[in-house]
$ cat target15.tsv   # TSV, N, CA and C atoms
chain	number	residue	atom	x	y	z
G	1	MET	N	115.26	78.06	97.19
G	1	MET	CA	113.85	78.04	96.85
G	1	MET	C	113.60	76.89	95.90
G	2	ALA	N	112.56	76.19	96.15
G	2	ALA	CA	112.20	75.06	95.29
G	2	ALA	C	111.34	75.55	94.14
G	3	ALA	N	111.33	74.80	93.08
G	3	ALA	CA	110.45	75.10	91.97
G	3	ALA	C	109.00	74.97	92.44
G	4	VAL	N	108.10	75.67	91.77
G	4	VAL	CA	106.69	75.63	92.14
G	4	VAL	C	106.06	74.46	91.37
G	5	LYS	N	105.95	73.33	92.03
G	5	LYS	CA	105.50	72.11	91.37
G	5	LYS	C	104.06	72.20	90.86
G	6	GLU	N	103.24	73.07	91.47
G	6	GLU	CA	101.86	73.25	91.00
G	6	GLU	C	101.81	74.16	89.78
G	7	LEU	N	102.93	74.72	89.37
G	7	LEU	CA	103.09	75.69	88.29
G	7	LEU	C	102.60	77.08	88.67
G	8	LEU	N	101.48	77.17	89.37
G	8	LEU	CA	100.93	78.47	89.80
G	8	LEU	C	100.08	78.23	91.03
G	9	ARG	N	100.35	79.01	92.08
G	9	ARG	CA	99.56	78.86	93.31
G	9	ARG	C	99.40	80.20	94.01
G	10	VAL	N	98.36	80.29	94.83
G	10	VAL	CA	98.11	81.47	95.66
G	10	VAL	C	98.66	81.17	97.05
G	11	GLU	N	99.46	82.09	97.57
G	11	GLU	CA	100.03	81.95	98.91
G	11	GLU	C	99.06	82.48	99.96
G	12	ASN	N	99.28	82.13	101.21
G	12	ASN	CA	98.42	82.58	102.31
G	12	ASN	C	98.38	84.09	102.45
G	13	ASP	N	99.46	84.77	102.02
G	13	ASP	CA	99.51	86.24	102.14
G	13	ASP	C	98.88	86.94	100.92
G	14	GLY	N	98.26	86.19	100.01
G	14	GLY	CA	97.58	86.77	98.86
G	14	GLY	C	98.48	87.03	97.67
G	15	THR	N	99.73	86.57	97.72
G	15	THR	CA	100.64	86.72	96.58
G	15	THR	C	100.59	85.47	95.72
G	16	LEU	N	101.22	85.53	94.55
G	16	LEU	CA	101.28	84.39	93.65
G	16	LEU	C	102.68	83.81	93.62
G	17	SER	N	102.79	82.51	93.44
G	17	SER	CA	104.05	81.83	93.20
G	17	SER	C	103.86	80.99	91.95
G	18	PHE	N	104.90	80.96	91.09
G	18	PHE	CA	104.78	80.25	89.82
G	18	PHE	C	106.16	79.91	89.27
G	19	GLY	N	106.18	78.96	88.33
G	19	GLY	CA	107.40	78.62	87.60
G	19	GLY	C	108.11	77.40	88.12
G	20	ASP	N	108.58	76.58	87.19
G	20	ASP	CA	109.36	75.39	87.53
G	20	ASP	C	110.48	75.23	86.51
G	21	TYR	N	111.64	75.75	86.85
G	21	TYR	CA	112.79	75.72	85.95
G	21	TYR	C	113.46	74.35	85.88
G	22	THR	N	112.96	73.37	86.64
G	22	THR	CA	113.53	72.02	86.60
G	22	THR	C	112.89	71.16	85.52
G	23	LEU	N	111.81	71.62	84.91
G	23	LEU	CA	111.13	70.85	83.86
G	23	LEU	C	111.96	70.85	82.58
G	24	THR	N	112.00	69.72	81.89
G	24	THR	CA	112.76	69.62	80.65
G	24	THR	C	111.93	69.94	79.41
G	25	SER	N	110.60	69.90	79.55
G	25	SER	CA	109.74	70.26	78.43
G	25	SER	C	108.72	71.30	78.88
G	26	LYS	N	108.31	72.13	77.91
G	26	LYS	CA	107.38	73.23	78.19
G	26	LYS	C	106.08	72.70	78.76
G	27	THR	N	105.68	73.27	79.88
G	27	THR	CA	104.45	72.89	80.56
G	27	THR	C	103.66	74.15	80.82
G	28	LYS	N	102.33	74.07	80.69
G	28	LYS	CA	101.54	75.28	80.93
G	28	LYS	C	100.29	74.97	81.74
G	29	LEU	N	99.81	76.01	82.38
G	29	LEU	CA	98.56	75.97	83.13
G	29	LEU	C	97.77	77.19	82.71
G	30	GLU	N	96.53	76.97	82.26
G	30	GLU	CA	95.71	78.07	81.76
G	30	GLU	C	94.46	78.25	82.62
G	31	ASN	N	93.84	79.42	82.48
G	31	ASN	CA	92.56	79.73	83.12
G	31	ASN	C	92.60	79.57	84.63
G	32	PHE	N	93.68	80.01	85.25
G	32	PHE	CA	93.82	80.00	86.71
G	32	PHE	C	93.20	81.32	87.20
G	33	GLU	N	92.10	81.22	87.94
G	33	GLU	CA	91.40	82.42	88.38
G	33	GLU	C	91.94	82.90	89.72
G	34	PHE	N	92.22	84.21	89.78
G	34	PHE	CA	92.73	84.84	91.00
G	34	PHE	C	92.26	86.28	91.02
G	35	GLN	N	91.50	86.64	92.04
G	35	GLN	CA	90.98	87.99	92.23
G	35	GLN	C	90.26	88.53	91.00
G	36	GLY	N	89.47	87.66	90.37
G	36	GLY	CA	88.67	88.07	89.22
G	36	GLY	C	89.40	88.11	87.89
G	37	ASP	N	90.68	87.75	87.88
G	37	ASP	CA	91.46	87.75	86.65
G	37	ASP	C	91.84	86.31	86.28
G	38	LEU	N	92.13	86.09	85.00
G	38	LEU	CA	92.57	84.77	84.54
G	38	LEU	C	94.06	84.81	84.23
G	39	TYR	N	94.79	83.87	84.81
G	39	TYR	CA	96.24	83.79	84.64
G	39	TYR	C	96.61	82.56	83.84
G	40	LYS	N	97.75	82.67	83.14
G	40	LYS	CA	98.30	81.56	82.38
G	40	LYS	C	99.80	81.55	82.62
G	41	VAL	N	100.34	80.39	82.92
G	41	VAL	CA	101.79	80.26	83.10
G	41	VAL	C	102.32	79.20	82.14
G	42	LYS	N	103.46	79.51	81.52
G	42	LYS	CA	104.22	78.55	80.72
G	42	LYS	C	105.60	78.51	81.35
G	43	THR	N	106.12	77.31	81.58
G	43	THR	CA	107.40	77.23	82.26
G	43	THR	C	108.15	75.96	81.92
G	44	PHE	N	109.47	76.08	81.88
G	44	PHE	CA	110.40	74.96	81.85
G	44	PHE	C	111.79	75.54	81.93
G	45	ALA	N	112.81	74.74	81.70
G	45	ALA	CA	114.20	75.17	81.92
G	45	ALA	C	114.57	76.42	81.11
G	46	GLU	N	114.00	76.59	79.93
G	46	GLU	CA	114.42	77.69	79.05
G	46	GLU	C	113.66	79.00	79.24
G	47	ILE	N	112.43	78.96	79.76
G	47	ILE	CA	111.63	80.18	79.88
G	47	ILE	C	110.54	79.99	80.93
G	48	THR	N	110.19	81.07	81.60
G	48	THR	CA	109.01	81.11	82.46
G	48	THR	C	108.24	82.36	82.08
G	49	LYS	N	106.95	82.22	81.85
G	49	LYS	CA	106.12	83.33	81.38
G	49	LYS	C	104.80	83.31	82.12
G	50	LEU	N	104.40	84.48	82.64
G	50	LEU	CA	103.11	84.63	83.31
G	50	LEU	C	102.31	85.70	82.60
G	51	GLU	N	101.06	85.36	82.27
G	51	GLU	CA	100.15	86.30	81.63
G	51	GLU	C	98.92	86.48	82.50
G	52	LYS	N	98.39	87.69	82.47
G	52	LYS	CA	97.16	88.02	83.19
G	52	LYS	C	96.17	88.57	82.17
G	53	ASN	N	95.04	87.89	82.01
G	53	ASN	CA	94.01	88.28	81.04
G	53	ASN	C	94.61	88.46	79.65
G	54	GLY	N	95.53	87.57	79.27
G	54	GLY	CA	96.13	87.59	77.95
G	54	GLY	C	97.29	88.55	77.77
G	55	MET	N	97.66	89.30	78.81
G	55	MET	CA	98.75	90.27	78.72
G	55	MET	C	99.95	89.79	79.53
G	56	LEU	N	101.12	89.94	78.98
G	56	LEU	CA	102.35	89.55	79.66
G	56	LEU	C	102.55	90.38	80.92
G	57	ILE	N	102.89	89.72	82.04
G	57	ILE	CA	103.26	90.48	83.23
G	57	ILE	C	104.63	90.08	83.76
G	58	TYR	N	105.14	88.89	83.36
G	58	TYR	CA	106.48	88.46	83.76
G	58	TYR	C	106.99	87.43	82.76
G	59	GLU	N	108.27	87.56	82.41
G	59	GLU	CA	108.90	86.56	81.57
G	59	GLU	C	110.38	86.50	81.95
G	60	SER	N	110.92	85.30	82.04
G	60	SER	CA	112.35	85.15	82.31
G	60	SER	C	112.98	84.16	81.35
G	61	VAL	N	114.24	84.44	81.03
G	61	VAL	CA	115.07	83.56	80.22
G	61	VAL	C	116.39	83.44	80.93
G	62	PRO	N	116.81	82.25	81.33
G	62	PRO	CA	116.09	80.98	81.27
G	62	PRO	C	114.94	80.95	82.28
G	63	GLY	N	114.34	79.77	82.43
G	63	GLY	CA	113.21	79.61	83.35
G	63	GLY	C	113.60	79.87	84.79
G	64	THR	N	112.60	80.27	85.59
G	64	THR	CA	112.81	80.58	87.00
G	64	THR	C	111.64	80.06	87.82
G	65	ALA	N	111.82	80.16	89.13
G	65	ALA	CA	110.72	79.99	90.07
G	65	ALA	C	110.54	81.35	90.73
G	66	VAL	N	109.31	81.81	90.82
G	66	VAL	CA	109.00	83.11	91.39
G	66	VAL	C	108.04	82.91	92.55
G	67	GLU	N	108.37	83.49	93.68
G	67	GLU	CA	107.49	83.41	94.85
G	67	GLU	C	107.13	84.81	95.32
G	68	LYS	N	105.98	84.87	95.99
G	68	LYS	CA	105.49	86.12	96.59
G	68	LYS	C	105.39	87.26	95.58
G	69	PHE	N	104.92	86.94	94.37
G	69	PHE	CA	104.74	87.94	93.31
G	69	PHE	C	103.54	88.80	93.65
G	70	LYS	N	103.79	90.11	93.77
G	70	LYS	CA	102.74	91.03	94.17
G	70	LYS	C	102.87	92.31	93.35
G	71	VAL	N	101.75	92.76	92.79
G	71	VAL	CA	101.72	93.98	92.01
G	71	VAL	C	100.74	94.95	92.67
G	72	THR	N	101.22	96.17	92.93
G	72	THR	CA	100.35	97.24	93.41
G	72	THR	C	100.42	98.38	92.39
G	73	GLU	N	99.79	99.49	92.67
G	73	GLU	CA	99.77	100.59	91.71
G	73	GLU	C	101.16	101.09	91.36
G	74	ASP	N	102.07	101.15	92.34
G	74	ASP	CA	103.40	101.71	92.11
G	74	ASP	C	104.55	100.74	92.29
G	75	THR	N	104.27	99.47	92.64
G	75	THR	CA	105.34	98.55	93.01
G	75	THR	C	105.08	97.13	92.49
G	76	VAL	N	106.16	96.46	92.08
G	76	VAL	CA	106.14	95.03	91.79
G	76	VAL	C	107.20	94.41	92.68
G	77	GLU	N	106.82	93.36	93.42
G	77	GLU	CA	107.75	92.69	94.32
G	77	GLU	C	107.67	91.18	94.10
G	78	PHE	N	108.82	90.51	94.19
G	78	PHE	CA	108.86	89.06	94.12
G	78	PHE	C	110.24	88.55	94.52
G	79	VAL	N	110.30	87.24	94.72
G	79	VAL	CA	111.56	86.56	95.01
G	79	VAL	C	111.77	85.57	93.87
G	80	VAL	N	112.95	85.61	93.25
G	80	VAL	CA	113.22	84.78	92.08
G	80	VAL	C	114.41	83.86	92.34
G	81	SER	N	114.32	82.65	91.79
G	81	SER	CA	115.45	81.72	91.86
G	81	SER	C	115.52	80.94	90.55
G	82	GLY	N	116.70	80.39	90.29
G	82	GLY	CA	116.91	79.61	89.07
G	82	GLY	C	118.25	78.91	89.14
G	83	GLU	N	118.59	78.25	88.06
G	83	GLU	CA	119.85	77.50	87.99
G	83	GLU	C	121.05	78.38	87.70
G	84	LYS	N	120.83	79.51	87.00
G	84	LYS	CA	121.94	80.37	86.59
G	84	LYS	C	121.42	81.79	86.37
G	85	ASP	N	122.33	82.70	85.98
G	85	ASP	CA	121.96	84.09	85.75
G	85	ASP	C	120.74	84.17	84.84
G	86	VAL	N	119.93	85.20	85.07
G	86	VAL	CA	118.64	85.29	84.40
G	86	VAL	C	118.37	86.73	83.95
G	87	GLN	N	117.60	86.85	82.89
G	87	GLN	CA	117.05	88.14	82.50
G	87	GLN	C	115.54	88.01	82.59
G	88	PHE	N	114.93	88.93	83.34
G	88	PHE	CA	113.47	88.90	83.43
G	88	PHE	C	112.90	90.22	82.93
G	89	THR	N	111.70	90.12	82.40
G	89	THR	CA	111.00	91.28	81.88
G	89	THR	C	109.65	91.36	82.58
G	90	VAL	N	109.30	92.55	83.05
G	90	VAL	CA	107.98	92.77	83.65
G	90	VAL	C	107.28	93.86	82.85
G	91	GLU	N	105.97	93.76	82.79
G	91	GLU	CA	105.15	94.73	82.08
G	91	GLU	C	104.66	95.76	83.09
G	92	LEU	N	105.00	97.03	82.83
G	92	LEU	CA	104.63	98.13	83.73
G	92	LEU	C	104.03	99.26	82.90
G	93	GLU	N	103.99	100.45	83.46
G	93	GLU	CA	103.46	101.62	82.77
G	93	GLU	C	104.46	102.09	81.71
G	94	ALA	N	104.00	102.33	80.50
G	94	ALA	CA	104.88	102.71	79.39
G	94	ALA	C	105.57	104.04	79.63
G	95	GLY	N	106.85	104.13	79.23
G	95	GLY	CA	107.62	105.37	79.30
G	95	GLY	C	107.76	105.95	80.69
G	96	THR	N	107.85	105.10	81.69
G	96	THR	CA	107.90	105.55	83.09
G	96	THR	C	109.20	105.08	83.74
G	97	GLU	N	109.72	105.91	84.64
G	97	GLU	CA	110.96	105.57	85.33
G	97	GLU	C	110.67	104.81	86.63
G	98	TYR	N	111.47	103.77	86.87
G	98	TYR	CA	111.33	102.94	88.06
G	98	TYR	C	112.69	102.77	88.72
G	99	THR	N	112.69	102.61	90.04
G	99	THR	CA	113.90	102.28	90.79
G	99	THR	C	113.86	100.79	91.07
G	100	VAL	N	114.96	100.11	90.79
G	100	VAL	CA	115.04	98.66	90.95
G	100	VAL	C	115.92	98.34	92.16
G	101	TYR	N	115.38	97.48	93.03
G	101	TYR	CA	116.12	97.01	94.20
G	101	TYR	C	116.28	95.51	94.11
G	102	MET	N	117.48	95.01	94.42
G	102	MET	CA	117.71	93.58	94.52
G	102	MET	C	118.34	93.31	95.87
G	103	ASN	N	117.70	92.42	96.62
G	103	ASN	CA	118.13	92.13	98.00
G	103	ASN	C	118.31	93.43	98.79
G	104	ASP	N	117.34	94.32	98.65
G	104	ASP	CA	117.28	95.61	99.35
G	104	ASP	C	118.38	96.59	98.95
G	105	THR	N	119.10	96.32	97.86
G	105	THR	CA	120.13	97.24	97.37
G	105	THR	C	119.62	97.94	96.12
G	106	ASN	N	119.70	99.26	96.11
G	106	ASN	CA	119.28	100.05	94.95
G	106	ASN	C	120.27	99.80	93.82
G	107	VAL	N	119.81	99.19	92.73
G	107	VAL	CA	120.70	98.92	91.60
G	107	VAL	C	120.51	99.93	90.47
G	108	GLY	N	119.69	100.94	90.71
G	108	GLY	CA	119.55	102.03	89.75
G	108	GLY	C	118.14	102.25	89.27
G	109	LYS	N	118.02	103.35	88.49
G	109	LYS	CA	116.74	103.70	87.89
G	109	LYS	C	116.75	103.24	86.45
G	110	MET	N	115.58	102.77	86.01
G	110	MET	CA	115.41	102.31	84.64
G	110	MET	C	114.08	102.84	84.13
G	111	LYS	N	114.02	103.05	82.82
G	111	LYS	CA	112.79	103.54	82.21
G	111	LYS	C	112.21	102.45	81.31
G	112	THR	N	110.90	102.27	81.39
G	112	THR	CA	110.23	101.29	80.53
G	112	THR	C	110.22	101.80	79.09
G	113	ASN	N	110.11	100.86	78.15
G	113	ASN	CA	110.02	101.26	76.75
G	113	ASN	C	108.59	101.68	76.43
G	114	LEU	N	108.32	101.95	75.17
G	114	LEU	CA	106.99	102.44	74.77
G	114	LEU	C	105.88	101.42	74.99
G	115	SER	N	106.24	100.13	75.10
G	115	SER	CA	105.22	99.12	75.36
G	115	SER	C	105.13	98.79	76.86
G	116	GLY	N	105.94	99.47	77.68
G	116	GLY	CA	105.86	99.27	79.13
G	116	GLY	C	106.73	98.17	79.67
G	117	LYS	N	107.61	97.62	78.85
G	117	LYS	CA	108.46	96.52	79.31
G	117	LYS	C	109.73	97.04	79.98
G	118	LEU	N	110.08	96.40	81.07
G	118	LEU	CA	111.31	96.70	81.80
G	118	LEU	C	112.08	95.40	81.95
G	119	SER	N	113.29	95.34	81.40
G	119	SER	CA	114.10	94.13	81.46
G	119	SER	C	115.27	94.33	82.41
G	120	VAL	N	115.49	93.34	83.27
G	120	VAL	CA	116.53	93.40	84.29
G	120	VAL	C	117.28	92.07	84.30
G	121	SER	N	118.59	92.14	84.48
G	121	SER	CA	119.39	90.92	84.62
G	121	SER	C	119.73	90.72	86.09
G	122	ALA	N	119.75	89.46	86.51
G	122	ALA	CA	120.10	89.13	87.89
G	122	ALA	C	121.08	87.97	87.90
G	123	GLU	N	122.09	88.09	88.76
G	123	GLU	CA	123.04	87.00	88.92
G	123	GLU	C	122.45	86.00	89.90
G	124	LEU	N	122.30	84.77	89.44
G	124	LEU	CA	121.73	83.71	90.27
G	124	LEU	C	122.68	82.53	90.30
G	125	ASN	N	122.80	81.94	91.46
G	125	ASN	CA	123.50	80.67	91.61
G	125	ASN	C	122.46	79.62	91.96
G	126	ALA	N	122.68	78.39	91.56
G	126	ALA	CA	121.74	77.32	91.85
G	126	ALA	C	121.46	77.27	93.36
G	127	GLY	N	120.19	77.27	93.71
G	127	GLY	CA	119.80	77.20	95.11
G	127	GLY	C	119.70	78.55	95.81
G	128	ALA	N	120.19	79.61	95.16
G	128	ALA	CA	120.12	80.95	95.77
G	128	ALA	C	118.88	81.68	95.24
G	129	GLU	N	118.44	82.68	95.97
G	129	GLU	CA	117.30	83.48	95.54
G	129	GLU	C	117.62	84.96	95.69
G	130	VAL	N	116.93	85.76	94.91
G	130	VAL	CA	117.10	87.21	94.93
G	130	VAL	C	115.73	87.83	95.12
G	131	SER	N	115.63	88.75	96.08
G	131	SER	CA	114.38	89.48	96.24
G	131	SER	C	114.45	90.73	95.35
G	132	VAL	N	113.38	90.97	94.62
G	132	VAL	CA	113.31	92.07	93.65
G	132	VAL	C	112.16	92.97	94.04
G	133	LYS	N	112.43	94.27	94.00
G	133	LYS	CA	111.39	95.27	94.24
G	133	LYS	C	111.58	96.36	93.20
G	134	ILE	N	110.54	96.64	92.46
G	134	ILE	CA	110.56	97.66	91.40
G	134	ILE	C	109.53	98.72	91.78
G	135	VAL	N	110.01	99.95	92.00
G	135	VAL	CA	109.15	101.01	92.52
G	135	VAL	C	109.10	102.17	91.52
G	136	LYS	N	107.89	102.64	91.24
G	136	LYS	CA	107.71	103.78	90.36
G	136	LYS	C	108.41	104.99	90.98
G	137	ALA	N	109.25	105.65	90.20
G	137	ALA	CA	110.02	106.79	90.70
G	137	ALA	C	109.19	108.06	90.75

$ encode --input "target15.tsv" --output "structure tokens"
Amino acid sequence: MAAVKELLRVENDGTLSFGDYTLTSKTKLENFEFQGDLYKVKTFAEITKLEKNGMLIYESVPGTAVEKFKVTEDTVEFVVSGEKDVQFTVELEAGTEYTVYMNDTNVGKMKTNLSGKLSVSAELNAGAEVSVKIVKA
């Protein structure tokens, strides 16, 4: 998967793609309107962060490229790639249990903290991608 050179874009299927882990300095795009909401992305080699209406919805350390990012009432789905192993955090419903799938493999159930954050680590090799699906249990 290539980095998202536009920093943030809407795909034909109505999902979002964002992040460019190849950048050496922090770059951001603000006030990107999508379905009535305002998005902001900050990205470079060390971090990728997506906010919706001022609230965090995705963050990774180090930086990543994310494609086909889709949030529904009970599910978050996306495909992530980067240069090396990554930890990403998504904002979900506080104190709720979710089942995490990577490349269609159930990697277990996890519970969000009191602020609704769920952090997951993924093994990434340069040029490889991992599909992630997080489903409310």

$ residues_around --input "target15.tsv" --residues "Gly14 in chain G" --least-positions-apart "5" --cutoff "12 Å" --atoms "only C-alpha atoms" --output "number ranges by chain"
G: 9, 34-35, 67-71

$ write_last_selection --input "target15.tsv" --atoms "N, CA and C atoms" --output "PDB file, in the coordinates of the input"
ATOM      1  N   ARG G   9     100.350  79.010  92.080  1.00  0.00           N
ATOM      2  CA  ARG G   9      99.560  78.860  93.310  1.00  0.00           C
ATOM      3  C   ARG G   9      99.400  80.200  94.010  1.00  0.00           C
ATOM      4  N   PHE G  34      92.220  84.210  89.780  1.00  0.00           N
ATOM      5  CA  PHE G  34      92.730  84.840  91.000  1.00  0.00           C
ATOM      6  C   PHE G  34      92.260  86.280  91.020  1.00  0.00           C
ATOM      7  N   GLN G  35      91.500  86.640  92.040  1.00  0.00           N
ATOM      8  CA  GLN G  35      90.980  87.990  92.230  1.00  0.00           C
ATOM      9  C   GLN G  35      90.260  88.530  91.000  1.00  0.00           C
ATOM     10  N   GLU G  67     108.370  83.490  93.680  1.00  0.00           N
ATOM     11  CA  GLU G  67     107.490  83.410  94.850  1.00  0.00           C
ATOM     12  C   GLU G  67     107.130  84.810  95.320  1.00  0.00           C
ATOM     13  N   LYS G  68     105.980  84.870  95.990  1.00  0.00           N
ATOM     14  CA  LYS G  68     105.490  86.120  96.590  1.00  0.00           C
ATOM     15  C   LYS G  68     105.390  87.260  95.580  1.00  0.00           C
ATOM     16  N   PHE G  69     104.920  86.940  94.370  1.00  0.00           N
ATOM     17  CA  PHE G  69     104.740  87.940  93.310  1.00  0.00           C
ATOM     18  C   PHE G  69     103.540  88.800  93.650  1.00  0.00           C
ATOM     19  N   LYS G  70     103.790  90.110  93.770  1.00  0.00           N
ATOM     20  CA  LYS G  70     102.740  91.030  94.170  1.00  0.00           C
ATOM     21  C   LYS G  70     102.870  92.310  93.350  1.00  0.00           C
ATOM     22  N   VAL G  71     101.750  92.760  92.790  1.00  0.00           N
ATOM     23  CA  VAL G  71     101.720  93.980  92.010  1.00  0.00           C
ATOM     24  C   VAL G  71     100.740  94.950  92.670  1.00  0.00           C
TER      25      VAL G  71
END

$ residues_near_point --input "target15.tsv" --point "(103.1, 101.8, 75.8)" --cutoff "7 Å" --atoms "all atoms listed in the file" --output "list in words"
Glu93, Ala94, Gly95, Asn113, Leu114, Ser115, Gly116 and Lys117 of chain G

$ select_by_dssp --input "target15.tsv" --residues "range 10-59 of chain G" --states "strand (DSSP E or B)" --output "NGL selection string"
:G and (10 or 16-18 or 27-34 or 37-44 or 47-52 or 55-59)

$ atom_distance --input "target15.tsv" --atom1 "CA of Glu30 in chain G" --atom2 "CA of Thr89 in chain G"
20.2 Å

$ residues_around --input "target15.tsv" --residues "Ala45 in chain G" --least-positions-apart "5" --cutoff "8 Å" --atoms "all atoms listed in the file" --output "ChimeraX atom specification"
/G:20-27,60-64

$ residues_around --input "target15.tsv" --residues "Asn103 in chain G" --least-positions-apart "3" --cutoff "7 Å" --atoms "only C-alpha atoms" --output "list of chain:residue names"
G:Val130, G:Ser131, G:Val132

$ atom_distance --input "target15.tsv" --atom1 "CA of Gly19 in chain G" --atom2 "CA of Ile47 in chain G"
8.9 Å

$ atom_distance --input "target15.tsv" --atom1 "atom N of Ala122 in chain G" --atom2 "atom C of Leu29 in chain G"
25.5 Å

$ closest_residue --input "target15.tsv" --among "G:Lys111, G:Lys42, G:Lys52, G:Lys84" --to "Glu97 in chain G" --atoms "only C-alpha atoms"
G:Lys111

$ closest_residue --input "target15.tsv" --among "G:Met102, G:Leu118, G:Ala128, G:Val107" --to "Val90 in chain G" --atoms "only N, CA and C atoms"
G:Leu118

$ closest_residue --input "target15.tsv" --among "G:Ser17, G:Glu91, G:Asp85, G:Gly108" --to "Asn125 in chain G" --atoms "only C-alpha atoms"
G:Asp85

$ axis_aligned_box --input "target15.tsv" --around "range 93-98 of chain G" --padding-each-side "3 Å" --output "lines of an AutoDock Vina configuration file"
center_x = 108.1
center_y = 103.2
center_z = 84.0
size_x = 15.2
size_y = 11.5
size_z = 15.5

$ residues_around --input "target15.tsv" --residues "Lys136 in chain G" --least-positions-apart "6" --cutoff "6.5 Å" --atoms "all atoms listed in the file" --output "compact mmCIF listing (two decimals) with N, CA and C atoms, keeping the file's coordinate frame"
# COMPACT_ATOMS: atom_id res chain seq x y z
N ASP G 74 102.07 101.15 92.34
CA ASP G 74 103.40 101.71 92.11
C ASP G 74 104.55 100.74 92.29
N THR G 75 104.27 99.47 92.64
CA THR G 75 105.34 98.55 93.01
C THR G 75 105.08 97.13 92.49
N VAL G 76 106.16 96.46 92.08
CA VAL G 76 106.14 95.03 91.79
C VAL G 76 107.20 94.41 92.68
N GLU G 97 109.72 105.91 84.64
CA GLU G 97 110.96 105.57 85.33
C GLU G 97 110.67 104.81 86.63
N TYR G 98 111.47 103.77 86.87
CA TYR G 98 111.33 102.94 88.06
C TYR G 98 112.69 102.77 88.72
N THR G 99 112.69 102.61 90.04
CA THR G 99 113.90 102.28 90.79
C THR G 99 113.86 100.79 91.07
